[in-house]
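Novice: First the structure, then my questions, so here it is.
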Amino acid sequence: MFGSEEKIPLVSIARILRTHGVRGKVEAEVLTDFPERFAKIDRVFLEDPAGKRQAVILEAFAVHKDRVILKFQDIDSLDRARSLVAWEVRIPEGEIMQLPPDTYYDYQLVGCEVLDLKGHPLGQVREILKAGESSLLVVRGTGRELLIPAVAAICRQVDVEARRIVVEPPAGLLEL
């Protein structure tokens with residue numbers, strides 16, 4: 001790994017769950033809405049749960065049900081593959097797929113401060129829950145947890161650079 005790469009912002013595209021076979025392959029949970037991206041990349045970063053990074057070459061991939069099977073260069077044994085369980089497969093943030101306007105990646109919303117139209121803080125987005133085709137912002141703060149639908153009619157202003165979301169919740173939503 002090169003020193004300057006330690007500071008590159010990365011985005012997770014998969015999480016290694018288990019080994020696959022005995023020749024160094026791993027099975028991973030897909031964390032991207034664009035699994036076809038594995039065909040377009042050759043270099044990725046592996047990051048362990050403590051945040052240590054390692055740049056590796058992605059030699060091969062295959063989609064298997066709702067998972068992906070990955071083979072990395074120089075990872076050729078069951079023991080070496082087993083040591084990667086729970087690591088994340090990450091790419092530089094600058095290489096993410098571009099989204100349509102007013103569409104955001106979950107990681108861009110997590111951590112944003114949520115305010116009502118009058119500027120009163122409601123809390124911070126802690127996670128995104130998927131509910132079929134829609135998503136809910138899990139907002140924690142002011143002693144409670146709020147579930148706010150992530151739709152334009154409610155989320156009036158989303159500024160991921162300022163880390164702020166202004167919402168106009170319908171009557172009664174904040175009392176649930």
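Ligands are numbered from 1 in the order shown, chains are lettered A, B, ... in the order of the structure tokens, and residues start at 1 in each chain.
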With stretch 124-131 of chain A as the partner and 12 Å as the cut-off, tabulate the residues of stretch 36-108 of chain A that qualify, each row holding the nearest pair of atoms and their distance in Å to one decimal, using only C-alpha atoms, sorted by chain and rising number, as a Markdown table.

Specialist:
| residue | atom | partner | partner_atom | distance |
| --- | --- | --- | --- | --- |
| A:Tyr104 | CA | A:Ile128 | CA | 11.4 |
| A:Tyr105 | CA | A:Ile128 | CA | 10.0 |
| A:Asp106 | CA | A:Ile128 | CA | 6.5 |
| A:Tyr107 | CA | A:Glu127 | CA | 8.6 |
| A:Gln108 | CA | A:Val125 | CA | 10.1 |

Novice: From a DSSP pass on the backbone, collect the residues of stretch 12-147 of chain A flagged as strand (DSSP E or B) and hand them back as a ChimeraX atom specification.

Specialist: /A:12-20,25-30,43-47,53-64,67-72,88-92,113-116,121-131,134-141,144-147

Novice: List as a list in words the protein and nucleic acid residues near A:Asp48, meaning an atom at most 10 Å away when only C-alpha atoms are counted, but skip any in the same chain fewer than 6 places from it.

Specialist: Gln54, Ser83, Leu84, Val85, Ala86, Trp87, Glu88 and Val89 of chain A

Novice: Counting only C-alpha atoms, which residue out of A:Leu137, A:Glu168, A:Glu27, A:Glu113 sits closest to A:Lys65?

Specialist: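 Answer, going by the shortest atom-to-atom distance: A:Glu27.
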
Novice: Show which residues sit within 10 Å of A:Ala152, as a list in words. Count only C-alpha atoms, and ignore same-chain residues fewer than 2 positions away.

Specialist: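 In the requested form, the answer reads Asp102, Thr103, Pro149, Ala150, Ile154, Cys155, Arg156, Gln157, Val158, Val167 and Glu168 of chain A.
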
Novice: Please produce a file of those selected residues containing N, CA and C atoms, as a PDB file, in the first residue's frame.

Specialist:
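Printed below is result-v3.pdb as written:
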ATOM      1  N   ASP A 102     -30.798  14.745  -7.365  1.00  0.00           N
ATOM      2  CA  ASP A 102     -31.654  14.569  -6.185  1.00  0.00           C
ATOM      3  C   ASP A 102     -31.774  13.112  -5.742  1.00  0.00           C
ATOM      4  N   THR A 103     -30.749  12.345  -6.025  1.00  0.00           N
ATOM      5  CA  THR A 103     -30.658  10.961  -5.584  1.00  0.00           C
ATOM      6  C   THR A 103     -29.331  10.828  -4.858  1.00  0.00           C
ATOM      7  N   PRO A 149     -39.755   9.136   6.154  1.00  0.00           N
ATOM      8  CA  PRO A 149     -39.658   8.661   4.771  1.00  0.00           C
ATOM      9  C   PRO A 149     -38.702   9.536   3.956  1.00  0.00           C
ATOM     10  N   ALA A 150     -37.832   8.904   3.211  1.00  0.00           N
ATOM     11  CA  ALA A 150     -36.852   9.617   2.391  1.00  0.00           C
ATOM     12  C   ALA A 150     -37.463   9.894   1.022  1.00  0.00           C
ATOM     13  N   ILE A 154     -41.223  15.193   1.625  1.00  0.00           N
ATOM     14  CA  ILE A 154     -40.922  15.398   3.044  1.00  0.00           C
ATOM     15  C   ILE A 154     -39.514  15.966   3.232  1.00  0.00           C
ATOM     16  N   CYS A 155     -38.560  15.418   2.537  1.00  0.00           N
ATOM     17  CA  CYS A 155     -37.171  15.896   2.613  1.00  0.00           C
ATOM     18  C   CYS A 155     -37.018  17.026   1.600  1.00  0.00           C
ATOM     19  N   ARG A 156     -37.272  18.246   2.056  1.00  0.00           N
ATOM     20  CA  ARG A 156     -37.345  19.410   1.167  1.00  0.00           C
ATOM     21  C   ARG A 156     -35.992  19.888   0.681  1.00  0.00           C
ATOM     22  N   GLN A 157     -34.976  19.806   1.532  1.00  0.00           N
ATOM     23  CA  GLN A 157     -33.629  20.230   1.150  1.00  0.00           C
ATOM     24  C   GLN A 157     -32.636  19.193   1.653  1.00  0.00           C
ATOM     25  N   VAL A 158     -31.836  18.689   0.751  1.00  0.00           N
ATOM     26  CA  VAL A 158     -30.789  17.744   1.114  1.00  0.00           C
ATOM     27  C   VAL A 158     -29.473  18.349   0.640  1.00  0.00           C
ATOM     28  N   VAL A 167     -36.565  18.917   6.649  1.00  0.00           N
ATOM     29  CA  VAL A 167     -37.766  18.125   6.381  1.00  0.00           C
ATOM     30  C   VAL A 167     -39.035  18.921   6.701  1.00  0.00           C
ATOM     31  N   GLU A 168     -40.088  18.556   5.980  1.00  0.00           N
ATOM     32  CA  GLU A 168     -41.435  19.071   6.240  1.00  0.00           C
ATOM     33  C   GLU A 168     -42.329  17.843   6.447  1.00  0.00           C
TER      34      GLU A 168
END
